[in-house]
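This report refers to the structure that appears directly beneath it.
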Amino acid sequence: MTNYEFMRWLTFPIMTTHLVRVRKDIKNLLKGSSKSNRVSVLDVGGRKSPYTINLPADITLLDVPQESGDKEKLNLGFTNTLLENVKKQRSNITDVIIEDMTKSTLADGSYDAVVCVEVIEHVPEDDLFVKNISRVIKKGGWAYFTTPNGDFIKNEGPNKNPDHIRHYKRQELHDLLEKYFEKVDVHYAVRTGKYRVWGLRSFKLKQPLLIFRTLLGNFINKIQSKGVSKSPNKTAHLVAIVHK
């Protein structure tokens, strides 16, 4: 475990509800994978993804190169500096691939699993994107997706995210994934509201009151978010677990 991984591990319990939920789900999926060797996982859109840090798996990060425009403003995609830092900070990274998943050159059945957290809403060719993800997963493998909940959060008006192509409704995402996977479970996650917003604020050591509010927001939001898997209203995310 590197120093970076240790510090992330130490602070994971106080992070946002979404981050904690995603890591817990992926850990459970890894435990359920019937393999004697470590599971190979492709983290699509991984960049500096905190979701797979220090997990007991062989992680390959895949992302597009960072381009000028919205991607640069929103800090999306790989940069040379980021690539160098990731390789130093992460002990479970086996490879880093810079390419567009819709134009993937990876061989069929290359990985046991794929993780795709808050990525698919950025992809214009979503059908081809999912098709290629399914293609690179071995038979019996799984994929894990999260994306904004389009049943409640609309990407329009003054708060529109310029890099989001769409926000899926639950049934829309289910129908897309069902085309390429045998088992599909799509449900809602993370209660919205002021406490979730509080928890999204960054920690600033010079502002102890802000730190306290962030921690309080995350604590309350975790409690609020229990039992919301069937609640389309006032939930922030869709979570999809699929098996091939």
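Just so we're on the same page: first chain in the structure tokens is A, next is B, and so on; residues restart at 1 for each chain, and ligands are numbered from 1 in the order they show up.
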**Report entry** Selection: 12 Å around Thr52 in chain A, only C-alpha atoms, excl. self and same-chain fewer than 5 positions, as a VMD selection string
**Finding:** chain A and resid 5 8 to 9 12 19 to 20 22 to 27 30 40 to 47 57 to 61 90 to 93 114 to 117 144
Query raised in the report: If we count only C-alpha atoms, what is near range 99-102 of chain A at a cut-off of 8 Å, once residues fewer than 5 positions away on the same chain are taken out, given as JSON, numbers by chain?
Result: {"A": [44, 62, 63, 64, 65, 125, 128, 129, 132, 133]}
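Counting only C-alpha atoms and comparing A:Thr105, A:His243, A:Phe219, A:Arg166, the residue that lies closest to Lys139 in chain A is A:His243.
Take the candidates A:Thr147, A:Gln207, A:Ser104, A:Asn218 and check each one against Thr17 in chain A using only C-alpha atoms; the shortest distance goes to A:Asn218.
Distance annotation: of A:Asp175, A:Ile211, A:Gly199, A:Arg170, the residue with the minimal separation from Asn233 in chain A is A:Arg170; atom set is only C-alpha atoms.
Among the candidates A:Trp142, A:Phe203, A:Tyr168, A:Phe212, the one nearest to Gly109 in chain A when counting only C-alpha atoms is A:Trp142.
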Within 7 Å of Val186 in chain A using only C-alpha atoms, minus same-chain residues under 4 positions, as a PDB file with N, CA and C atoms, in the first residue's frame:
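That gives us result.pdb:
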ATOM      1  N   ARG A 170     -34.568   5.579 -15.483  1.00  0.00           N
ATOM      2  CA  ARG A 170     -34.225   4.206 -15.105  1.00  0.00           C
ATOM      3  C   ARG A 170     -34.542   3.211 -16.220  1.00  0.00           C
ATOM      4  N   HIS A 174     -32.011   0.737 -18.349  1.00  0.00           N
ATOM      5  CA  HIS A 174     -32.268  -0.704 -18.304  1.00  0.00           C
ATOM      6  C   HIS A 174     -32.382  -1.276 -19.718  1.00  0.00           C
ATOM      7  N   LEU A 238     -28.425   6.759 -10.649  1.00  0.00           N
ATOM      8  CA  LEU A 238     -28.836   5.408 -11.015  1.00  0.00           C
ATOM      9  C   LEU A 238     -27.615   4.512 -10.870  1.00  0.00           C
ATOM     10  N   VAL A 239     -27.823   3.334 -10.325  1.00  0.00           N
ATOM     11  CA  VAL A 239     -26.767   2.315 -10.204  1.00  0.00           C
ATOM     12  C   VAL A 239     -27.215   1.101 -10.994  1.00  0.00           C
ATOM     13  N   ALA A 240     -26.347   0.602 -11.867  1.00  0.00           N
ATOM     14  CA  ALA A 240     -26.666  -0.583 -12.668  1.00  0.00           C
ATOM     15  C   ALA A 240     -25.605  -1.648 -12.448  1.00  0.00           C
ATOM     16  N   ILE A 241     -26.056  -2.842 -12.081  1.00  0.00           N
ATOM     17  CA  ILE A 241     -25.162  -3.999 -11.953  1.00  0.00           C
ATOM     18  C   ILE A 241     -25.635  -5.024 -12.975  1.00  0.00           C
TER      19      ILE A 241
END
Report task. Would you return as an MDAnalysis selection string the members of range 122-238 of chain A that DSSP assigns to strand (DSSP E) on this structure's backbone? Result -> chainID A and resid 137:148 183:191 235:238
Requested in this report: Have a look at CA of Tyr4 in chain A and CA of Pro56 in chain A and let me know their distance in Å, one decimal.
Outcome: 16.1 Å
Query raised in the report: range 177-225 of chain A: which residues are alpha helix (DSSP H) by DSSP, as a PyMOL selection string?
Result: chain A and resi 177-178+194-199+208-224
